[in-house]
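**Q** Quick one, work.pdb (PDB, C-alpha atoms):
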```
ATOM      1  CA  MET A   7      19.100 -32.954  -9.869  1.00  0.00           C
ATOM      2  CA  SER A   8      20.324 -30.887 -12.823  1.00  0.00           C
ATOM      3  CA  ARG A   9      16.814 -30.750 -14.310  1.00  0.00           C
ATOM      4  CA  THR A  10      15.420 -29.539 -11.019  1.00  0.00           C
ATOM      5  CA  TYR A  11      18.162 -26.945 -10.798  1.00  0.00           C
ATOM      6  CA  ARG A  12      17.470 -25.658 -14.320  1.00  0.00           C
ATOM      7  CA  SER A  13      13.745 -25.551 -13.611  1.00  0.00           C
ATOM      8  CA  ASP A  14      14.292 -23.620 -10.377  1.00  0.00           C
ATOM      9  CA  LEU A  15      16.658 -21.245 -12.166  1.00  0.00           C
ATOM     10  CA  ARG A  16      14.170 -20.574 -14.958  1.00  0.00           C
ATOM     11  CA  GLY A  17      11.446 -20.033 -12.392  1.00  0.00           C
ATOM     12  CA  GLN A  18      13.579 -17.522 -10.491  1.00  0.00           C
ATOM     13  CA  GLN A  19      14.532 -15.737 -13.697  1.00  0.00           C
ATOM     14  CA  ALA A  20      10.869 -15.509 -14.691  1.00  0.00           C
ATOM     15  CA  GLU A  21       9.959 -14.092 -11.278  1.00  0.00           C
ATOM     16  CA  ASP A  22      12.830 -11.583 -11.445  1.00  0.00           C
ATOM     17  CA  THR A  23      11.643 -10.470 -14.891  1.00  0.00           C
ATOM     18  CA  ARG A  24       8.074 -10.144 -13.629  1.00  0.00           C
ATOM     19  CA  ARG A  25       9.146  -8.034 -10.668  1.00  0.00           C
ATOM     20  CA  ARG A  26      11.285  -5.812 -12.881  1.00  0.00           C
ATOM     21  CA  ILE A  27       8.417  -5.275 -15.320  1.00  0.00           C
ATOM     22  CA  LEU A  28       6.063  -4.335 -12.490  1.00  0.00           C
ATOM     23  CA  GLU A  29       8.658  -1.990 -11.026  1.00  0.00           C
ATOM     24  CA  VAL A  30       9.053  -0.243 -14.376  1.00  0.00           C
ATOM     25  CA  ALA A  31       5.270  -0.152 -14.831  1.00  0.00           C
ATOM     26  CA  ALA A  32       4.792   1.418 -11.407  1.00  0.00           C
ATOM     27  CA  GLY A  33       7.247   4.178 -12.279  1.00  0.00           C
ATOM     28  CA  LYS A  34       5.635   4.791 -15.661  1.00  0.00           C
ATOM     29  CA  PHE A  35       2.086   4.924 -14.290  1.00  0.00           C
ATOM     30  CA  ALA A  36       3.182   7.197 -11.437  1.00  0.00           C
ATOM     31  CA  GLN A  37       4.964   9.553 -13.818  1.00  0.00           C
ATOM     32  CA  ASP A  38       2.465   9.740 -16.676  1.00  0.00           C
ATOM     33  CA  GLY A  39      -0.818   8.663 -15.115  1.00  0.00           C
ATOM     34  CA  TYR A  40      -3.046   5.738 -16.005  1.00  0.00           C
ATOM     35  CA  ALA A  41      -4.799   7.000 -19.148  1.00  0.00           C
ATOM     36  CA  ALA A  42      -1.626   8.320 -20.796  1.00  0.00           C
ATOM     37  CA  THR A  43       0.261   5.042 -20.338  1.00  0.00           C
ATOM     38  CA  SER A  44      -0.214   2.296 -22.931  1.00  0.00           C
ATOM     39  CA  VAL A  45       0.803  -1.343 -22.821  1.00  0.00           C
ATOM     40  CA  ARG A  46       3.193  -0.712 -25.716  1.00  0.00           C
ATOM     41  CA  GLN A  47       4.850   2.126 -23.793  1.00  0.00           C
ATOM     42  CA  LEU A  48       5.238  -0.168 -20.807  1.00  0.00           C
ATOM     43  CA  ALA A  49       6.812  -2.842 -22.980  1.00  0.00           C
ATOM     44  CA  VAL A  50       9.304  -0.373 -24.447  1.00  0.00           C
ATOM     45  CA  ALA A  51      10.163   1.026 -21.007  1.00  0.00           C
ATOM     46  CA  ALA A  52      10.697  -2.484 -19.611  1.00  0.00           C
ATOM     47  CA  GLY A  53      12.590  -3.692 -22.675  1.00  0.00           C
ATOM     48  CA  VAL A  54      10.266  -6.648 -23.290  1.00  0.00           C
ATOM     49  CA  SER A  55       7.710  -7.635 -25.899  1.00  0.00           C
ATOM     50  CA  VAL A  56       4.041  -6.757 -25.630  1.00  0.00           C
ATOM     51  CA  ASN A  57       3.285 -10.481 -25.460  1.00  0.00           C
ATOM     52  CA  THR A  58       5.527 -10.770 -22.382  1.00  0.00           C
ATOM     53  CA  LEU A  59       3.460  -8.059 -20.714  1.00  0.00           C
ATOM     54  CA  TYR A  60       0.194  -9.748 -21.637  1.00  0.00           C
ATOM     55  CA  ALA A  61       1.470 -12.904 -19.958  1.00  0.00           C
ATOM     56  CA  ILE A  62       1.200 -10.881 -16.733  1.00  0.00           C
ATOM     57  CA  GLY A  63      -2.168  -9.414 -17.662  1.00  0.00           C
ATOM     58  CA  GLY A  64      -3.886  -6.555 -19.443  1.00  0.00           C
ATOM     59  CA  LYS A  65      -3.250  -2.926 -18.587  1.00  0.00           C
ATOM     60  CA  PRO A  66      -5.500  -2.793 -15.488  1.00  0.00           C
ATOM     61  CA  GLU A  67      -4.134  -6.095 -14.142  1.00  0.00           C
ATOM     62  CA  ILE A  68      -0.558  -4.920 -14.644  1.00  0.00           C
ATOM     63  CA  PHE A  69      -1.379  -1.688 -12.861  1.00  0.00           C
ATOM     64  CA  LEU A  70      -2.910  -3.445  -9.858  1.00  0.00           C
ATOM     65  CA  LYS A  71      -0.053  -5.927  -9.555  1.00  0.00           C
ATOM     66  CA  ALA A  72       2.435  -3.057  -9.748  1.00  0.00           C
ATOM     67  CA  LEU A  73       0.528  -1.200  -7.027  1.00  0.00           C
ATOM     68  CA  VAL A  74       0.495  -4.230  -4.733  1.00  0.00           C
ATOM     69  CA  GLN A  75       4.224  -4.768  -5.260  1.00  0.00           C
ATOM     70  CA  VAL A  76       4.960  -1.143  -4.382  1.00  0.00           C
ATOM     71  CA  ILE A  77       2.737  -1.004  -1.299  1.00  0.00           C
ATOM     72  CA  ASP A  78       3.707  -4.420   0.085  1.00  0.00           C
ATOM     73  CA  ASP A  79       7.410  -3.696  -0.430  1.00  0.00           C
ATOM     74  CA  GLU A  80       8.117  -7.436  -0.785  1.00  0.00           C
ATOM     75  CA  GLU A  81       6.649  -8.280   2.631  1.00  0.00           C
ATOM     76  CA  GLY A  82       3.400  -9.646   1.271  1.00  0.00           C
ATOM     77  CA  ALA A  83       1.330  -8.816   4.387  1.00  0.00           C
ATOM     78  CA  ARG A  84      -1.204  -6.079   4.961  1.00  0.00           C
ATOM     79  CA  LEU A  85       0.384  -3.170   6.805  1.00  0.00           C
ATOM     80  CA  VAL A  86      -1.669  -3.816   9.934  1.00  0.00           C
ATOM     81  CA  ASP A  87      -0.306  -7.383  10.039  1.00  0.00           C
ATOM     82  CA  ARG A  88       3.378  -6.571   9.618  1.00  0.00           C
ATOM     83  CA  PRO A  89       5.569  -8.267  12.254  1.00  0.00           C
ATOM     84  CA  GLU A  90       7.025  -4.968  13.453  1.00  0.00           C
ATOM     85  CA  VAL A  91       3.517  -3.926  14.532  1.00  0.00           C
ATOM     86  CA  VAL A  92       2.113  -7.272  15.691  1.00  0.00           C
ATOM     87  CA  ASP A  93       5.216  -8.029  17.784  1.00  0.00           C
ATOM     88  CA  LEU A  94       4.603  -4.902  19.857  1.00  0.00           C
ATOM     89  CA  PHE A  95       1.514  -6.588  21.297  1.00  0.00           C
ATOM     90  CA  ALA A  96       3.505  -9.638  22.409  1.00  0.00           C
ATOM     91  CA  VAL A  97       5.085  -7.786  25.318  1.00  0.00           C
ATOM     92  CA  ALA A  98       3.523  -7.828  28.770  1.00  0.00           C
ATOM     93  CA  GLU A  99       2.345  -4.202  28.675  1.00  0.00           C
ATOM     94  CA  PRO A 100       2.077  -2.762  25.165  1.00  0.00           C
ATOM     95  CA  VAL A 101       2.519   1.004  24.965  1.00  0.00           C
ATOM     96  CA  LEU A 102       0.017   2.846  22.791  1.00  0.00           C
ATOM     97  CA  ASN A 103       2.414   5.520  21.577  1.00  0.00           C
ATOM     98  CA  GLN A 104       4.990   2.937  20.498  1.00  0.00           C
ATOM     99  CA  VAL A 105       2.361   0.980  18.555  1.00  0.00           C
ATOM    100  CA  LEU A 106       1.043   4.091  16.820  1.00  0.00           C
ATOM    101  CA  VAL A 107       4.536   5.299  15.948  1.00  0.00           C
ATOM    102  CA  ALA A 108       5.360   1.907  14.403  1.00  0.00           C
ATOM    103  CA  GLN A 109       2.126   1.887  12.400  1.00  0.00           C
ATOM    104  CA  ALA A 110       2.633   5.488  11.294  1.00  0.00           C
ATOM    105  CA  ALA A 111       6.170   4.688  10.147  1.00  0.00           C
ATOM    106  CA  LEU A 112       4.883   1.824   7.977  1.00  0.00           C
ATOM    107  CA  ILE A 113       2.070   3.899   6.489  1.00  0.00           C
ATOM    108  CA  THR A 114       4.353   6.852   5.848  1.00  0.00           C
ATOM    109  CA  ALA A 115       6.866   4.617   4.061  1.00  0.00           C
ATOM    110  CA  ALA A 116       4.099   2.947   2.024  1.00  0.00           C
ATOM    111  CA  ASN A 117       2.660   6.329   1.072  1.00  0.00           C
ATOM    112  CA  ASP A 118       6.096   7.596   0.123  1.00  0.00           C
ATOM    113  CA  ARG A 119       6.423   4.691  -2.286  1.00  0.00           C
ATOM    114  CA  SER A 120       2.896   4.785  -3.651  1.00  0.00           C
ATOM    115  CA  ALA A 121       1.269   8.237  -3.347  1.00  0.00           C
ATOM    116  CA  LYS A 122       1.762   9.124  -7.020  1.00  0.00           C
ATOM    117  CA  LEU A 123       0.707   5.655  -8.076  1.00  0.00           C
ATOM    118  CA  TRP A 124      -2.382   5.931  -5.886  1.00  0.00           C
ATOM    119  CA  ALA A 125      -3.284   9.177  -7.670  1.00  0.00           C
ATOM    120  CA  ALA A 126      -3.075   7.232 -10.947  1.00  0.00           C
ATOM    121  CA  PHE A 127      -5.307   4.573  -9.352  1.00  0.00           C
ATOM    122  CA  GLU A 128      -7.971   7.166  -8.585  1.00  0.00           C
ATOM    123  CA  GLU A 129      -7.667   8.579 -12.098  1.00  0.00           C
ATOM    124  CA  GLY A 130      -7.985   5.163 -13.686  1.00  0.00           C
ATOM    125  CA  ALA A 131     -10.947   4.223 -11.508  1.00  0.00           C
ATOM    126  CA  ASN A 132     -12.866   7.144 -13.021  1.00  0.00           C
ATOM    127  CA  THR A 133     -12.612   5.730 -16.547  1.00  0.00           C
ATOM    128  CA  ASP A 134     -11.895   1.993 -16.262  1.00  0.00           C
ATOM    129  CA  ALA A 135     -14.695  -0.187 -14.879  1.00  0.00           C
ATOM    130  CA  TYR A 136     -12.271  -2.929 -13.807  1.00  0.00           C
ATOM    131  CA  LEU A 137     -10.169  -0.454 -11.830  1.00  0.00           C
ATOM    132  CA  ALA A 138     -13.292   1.154 -10.380  1.00  0.00           C
ATOM    133  CA  VAL A 139     -14.290  -2.186  -8.827  1.00  0.00           C
ATOM    134  CA  ALA A 140     -10.733  -2.827  -7.631  1.00  0.00           C
ATOM    135  CA  TYR A 141     -10.536   0.656  -6.106  1.00  0.00           C
ATOM    136  CA  GLY A 142     -13.727   0.097  -4.148  1.00  0.00           C
ATOM    137  CA  GLN A 143     -12.497  -3.290  -2.962  1.00  0.00           C
ATOM    138  CA  GLU A 144      -9.153  -1.895  -1.829  1.00  0.00           C
ATOM    139  CA  ALA A 145     -10.879   0.947   0.024  1.00  0.00           C
ATOM    140  CA  GLU A 146     -13.004  -1.576   1.891  1.00  0.00           C
ATOM    141  CA  LYS A 147      -9.928  -3.642   2.744  1.00  0.00           C
ATOM    142  CA  MET A 148      -8.184  -0.565   4.100  1.00  0.00           C
ATOM    143  CA  ARG A 149     -11.227   0.341   6.184  1.00  0.00           C
ATOM    144  CA  ALA A 150     -11.380  -3.215   7.500  1.00  0.00           C
ATOM    145  CA  ASP A 151      -7.658  -3.098   8.315  1.00  0.00           C
ATOM    146  CA  SER A 152      -8.205   0.092  10.280  1.00  0.00           C
ATOM    147  CA  ARG A 153     -11.046  -1.495  12.247  1.00  0.00           C
ATOM    148  CA  ARG A 154      -8.929  -4.597  12.968  1.00  0.00           C
ATOM    149  CA  GLY A 155      -6.108  -2.374  14.165  1.00  0.00           C
ATOM    150  CA  LEU A 156      -8.477  -0.458  16.447  1.00  0.00           C
ATOM    151  CA  ASP A 157      -9.976  -3.665  17.847  1.00  0.00           C
ATOM    152  CA  ARG A 158      -6.462  -4.961  18.568  1.00  0.00           C
ATOM    153  CA  LEU A 159      -5.660  -1.817  20.559  1.00  0.00           C
ATOM    154  CA  VAL A 160      -8.844  -2.190  22.592  1.00  0.00           C
ATOM    155  CA  ARG A 161      -8.267  -5.902  23.263  1.00  0.00           C
ATOM    156  CA  ALA A 162      -4.735  -5.142  24.452  1.00  0.00           C
ATOM    157  CA  GLY A 163      -6.176  -2.751  27.022  1.00  0.00           C
ATOM    158  CA  ILE A 164      -4.146   0.224  25.826  1.00  0.00           C
ATOM    159  CA  CYS A 165      -7.052   2.049  24.251  1.00  0.00           C
ATOM    160  CA  ALA A 166     -10.585   2.623  25.503  1.00  0.00           C
ATOM    161  CA  ALA A 167     -13.357   1.350  23.257  1.00  0.00           C
ATOM    162  CA  PRO A 168     -14.773   4.338  21.339  1.00  0.00           C
ATOM    163  CA  ALA A 169     -18.492   5.040  21.386  1.00  0.00           C
ATOM    164  CA  ASP A 170     -18.633   4.522  17.604  1.00  0.00           C
ATOM    165  CA  PRO A 171     -15.855   2.089  16.611  1.00  0.00           C
ATOM    166  CA  ASP A 172     -16.685   2.086  12.894  1.00  0.00           C
ATOM    167  CA  ARG A 173     -16.607   5.872  12.656  1.00  0.00           C
ATOM    168  CA  THR A 174     -13.389   6.075  14.658  1.00  0.00           C
ATOM    169  CA  ALA A 175     -11.766   3.407  12.484  1.00  0.00           C
ATOM    170  CA  ASP A 176     -12.777   5.315   9.358  1.00  0.00           C
ATOM    171  CA  LEU A 177     -11.209   8.502  10.712  1.00  0.00           C
ATOM    172  CA  LEU A 178      -8.007   6.663  11.646  1.00  0.00           C
ATOM    173  CA  TRP A 179      -7.864   5.302   8.096  1.00  0.00           C
ATOM    174  CA  ALA A 180      -8.643   8.655   6.489  1.00  0.00           C
ATOM    175  CA  ALA A 181      -5.849  10.404   8.380  1.00  0.00           C
ATOM    176  CA  GLY A 182      -3.216   8.106   6.886  1.00  0.00           C
ATOM    177  CA  HIS A 183      -4.730   7.995   3.392  1.00  0.00           C
ATOM    178  CA  PRO A 184      -2.292   8.380   0.470  1.00  0.00           C
ATOM    179  CA  ARG A 185      -4.207  11.468  -0.657  1.00  0.00           C
ATOM    180  CA  ASN A 186      -3.331  13.268   2.587  1.00  0.00           C
ATOM    181  CA  TYR A 187       0.298  12.286   2.165  1.00  0.00           C
ATOM    182  CA  ASP A 188       0.283  13.604  -1.395  1.00  0.00           C
ATOM    183  CA  VAL A 189      -1.234  16.923  -0.336  1.00  0.00           C
ATOM    184  CA  LEU A 190       1.001  17.521   2.668  1.00  0.00           C
ATOM    185  CA  VAL A 191       4.310  16.072   1.433  1.00  0.00           C
ATOM    186  CA  ARG A 192       4.340  16.434  -2.339  1.00  0.00           C
ATOM    187  CA  GLN A 193       2.225  19.585  -2.619  1.00  0.00           C
ATOM    188  CA  ALA A 194       2.798  21.434   0.666  1.00  0.00           C
ATOM    189  CA  GLY A 195       6.435  20.409   0.947  1.00  0.00           C
ATOM    190  CA  TRP A 196       6.336  18.609   4.298  1.00  0.00           C
ATOM    191  CA  ALA A 197       9.082  16.132   5.099  1.00  0.00           C
ATOM    192  CA  PRO A 198       7.878  12.517   5.446  1.00  0.00           C
ATOM    193  CA  THR A 199       8.867  12.661   9.115  1.00  0.00           C
ATOM    194  CA  ASP A 200       6.573  15.674   9.535  1.00  0.00           C
ATOM    195  CA  PHE A 201       3.700  13.648   8.100  1.00  0.00           C
ATOM    196  CA  GLN A 202       4.505  10.736  10.382  1.00  0.00           C
ATOM    197  CA  GLU A 203       4.480  12.963  13.468  1.00  0.00           C
ATOM    198  CA  TRP A 204       1.246  14.640  12.345  1.00  0.00           C
ATOM    199  CA  LEU A 205      -0.351  11.242  11.755  1.00  0.00           C
ATOM    200  CA  VAL A 206       0.525   9.993  15.239  1.00  0.00           C
ATOM    201  CA  GLY A 207      -0.933  13.207  16.673  1.00  0.00           C
ATOM    202  CA  GLN A 208      -4.166  12.764  14.725  1.00  0.00           C
ATOM    203  CA  TRP A 209      -4.498   9.190  15.895  1.00  0.00           C
ATOM    204  CA  MET A 210      -3.787  10.055  19.507  1.00  0.00           C
ATOM    205  CA  ALA A 211      -6.459  12.771  19.380  1.00  0.00           C
ATOM    206  CA  LEU A 212      -8.988  10.409  17.833  1.00  0.00           C
ATOM    207  CA  LEU A 213      -8.330   7.861  20.561  1.00  0.00           C
ATOM    208  CA  ALA A 214      -8.881  10.543  23.195  1.00  0.00           C
ATOM    209  CA  VAL A 215      -5.367  10.294  24.582  1.00  0.00           C
ATOM    210  CA  LYS A 216      -4.429  13.346  26.609  1.00  0.00           C
TER     211      LYS A 216
END
```
Please express the file's structure as structure tokens.
**A**
Amino acid sequence: MSRTYRSDLRGQQAEDTRRRILEVAAGKFAQDGYAATSVRQLAVAAGVSVNTLYAIGGKPEIFLKALVQVIDDEEGARLVDRPEVVDLFAVAEPVLNQVLVAQAALITAANDRSAKLWAAFEEGANTDAYLAVAYGQEAEKMRADSRRGLDRLVRAGICAAPADPDRTADLLWAAGHPRNYDVLVRQAGWAPTDFQEWLVGQWMALLAVK
């Protein structure tokens, strides 16, 4: 029993260290950008050895893991699959506005956590081949998530099927993109709640809700 306990404790300590390193890395990448941040700088900021960082991965792998940790916010599920959204469809008569508000709240919160880090992602993708592939893959996942979310609305009977579902899904995704959040909140000075309200309005218009 004691050996199992010590093993579990070491495992938890290792996971806590990993999460702390990724949290520090996310802050460093968001502050200084991808190119200007080195593995050695990350190690110093996290208070660990370079070898400890390389146990997690190289610079691009550390960046991607940090990004996932920030966006997922410990939930581990894609935003479209979060319980607070999915559960809204379990009621007898789902309400479109309530579903969109819940989704917009999740996306706004995720963007608030990750907008600067996403800008570093785009920067890194322009110079790092590994990140370029990962960026394209994540974009496709986000597009697919948007299409799944749209299909769920249609199946629930609270949204009419659009004439061009793929195009509509792309526009729904684009409206909530981290780049829009960065422009409107960080650059234009909007409050996150303003972005959330704007996002719901954009979605409602795209779904032809009067």
**Q** Ranking A:Val101, A:Leu123, A:Leu106, A:Met148 by minimum distance to A:Ala31 and counting all atoms listed in the file, which one comes first?
**A** A:Leu123
**Q** Can you list what the PyMOL selection byres ((chain A and resi 183-195) around 8) grabs from this structure, as JSON, numbers by chain?
**A** {"A": [114, 117, 118, 120, 121, 122, 124, 125, 179, 180, 181, 182, 196, 197, 198, 201]}
**Q** Of the candidates A:Ala145, A:Arg46, A:Leu213, A:Asp22, which shows the shortest atom-to-atom distance to A:Pro171, using only C-alpha atoms?
**A**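 Between A:Ala145, A:Arg46, A:Leu213, A:Asp22, the residue approaching A:Pro171 most closely is A:Leu213.
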**Q** Please evaluate the PyMOL selection byres ((chain A and resi 40) around 12) against the displayed coordinates and give the resulting residues as a count of residues only.
**A** 36
**Q** Need the shell around A:Ala110: protein/DNA/RNA residues with any atom at most 7 Å away, counting all atoms listed in the file. Skip same-chain ones fewer than 3 positions apart. Format as a short mmCIF file (atom, residue, chain, number, x, y, z; two decimals) with C-alpha atoms, keeping the file's coordinate frame?
**A**
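Once written, result_23.cif looks like this:
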```cif
data_model
loop_
_atom_site.label_atom_id
_atom_site.label_comp_id
_atom_site.auth_asym_id
_atom_site.auth_seq_id
_atom_site.Cartn_x
_atom_site.Cartn_y
_atom_site.Cartn_z
CA LEU A 106 1.04 4.09 16.82
CA VAL A 107 4.54 5.30 15.95
CA ILE A 113 2.07 3.90 6.49
CA THR A 114 4.35 6.85 5.85
CA GLN A 202 4.50 10.74 10.38
CA LEU A 205 -0.35 11.24 11.76
CA VAL A 206 0.52 9.99 15.24
#
```
**Q** Looking at only C-alpha atoms, which of A:Val76, A:Ser55, A:Ala162, A:Trp209 is the one that sits closest to A:Val97?
**A**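 Closest candidate: A:Ala162.
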**Q** Taking only C-alpha atoms into account, name the residue in A:Val105, A:Leu59, A:Ala140, A:Val86 that is nearest to A:Met210.
**A**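 For A:Met210, the nearest of the given residues is A:Val105.
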**Q** To one decimal in Å, tell me the separation between atom CA of A:Leu102 and atom CA of A:Ile164.
**A** 5.8 Å
**Q** Which residue, A:Val92, A:Tyr60, A:Ala135, A:Ala51, has the smallest gap to A:Arg158 when you use all atoms listed in the file?
**A**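 Checking each of A:Val92, A:Tyr60, A:Ala135, A:Ala51 against A:Arg158, counting all atoms listed in the file, the winner is A:Val92.
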**Q** Mind pulling up the distance from atom CA of A:Asp93 to atom CA of A:Val74?
**A**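 Those two atoms sit 23.3 Å apart.
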**Q** Have a look at atom CA of A:Ile77 and atom CA of A:Gly155 and let me know their distance in Å, one decimal.
**A**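 Distance between the two atoms: 17.9 Å.
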**Q** Give the answer as one residue: which of A:Lys71, A:Asp157, A:Ala20, A:Gly163 has the shortest atom-to-atom distance to A:Ala98, using only C-alpha atoms?
**A**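 The answer is A:Gly163, which sits nearest to A:Ala98.
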**Q** Taking 2 positions as the minimum chain separation for residues in the same chain, which residues sit within 10 Å of A:Ala214 when counting all atoms listed in the file? Answer as a PDB file with C-alpha atoms, in the coordinates of the input.
**A**
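Generated file (part07.pdb):
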```
ATOM      1  CA  CYS A 165      -7.052   2.049  24.251  1.00  0.00           C
ATOM      2  CA  ALA A 166     -10.585   2.623  25.503  1.00  0.00           C
ATOM      3  CA  PRO A 168     -14.773   4.338  21.339  1.00  0.00           C
ATOM      4  CA  GLN A 208      -4.166  12.764  14.725  1.00  0.00           C
ATOM      5  CA  TRP A 209      -4.498   9.190  15.895  1.00  0.00           C
ATOM      6  CA  MET A 210      -3.787  10.055  19.507  1.00  0.00           C
ATOM      7  CA  ALA A 211      -6.459  12.771  19.380  1.00  0.00           C
ATOM      8  CA  LEU A 212      -8.988  10.409  17.833  1.00  0.00           C
ATOM      9  CA  LYS A 216      -4.429  13.346  26.609  1.00  0.00           C
TER      10      LYS A 216
END
```
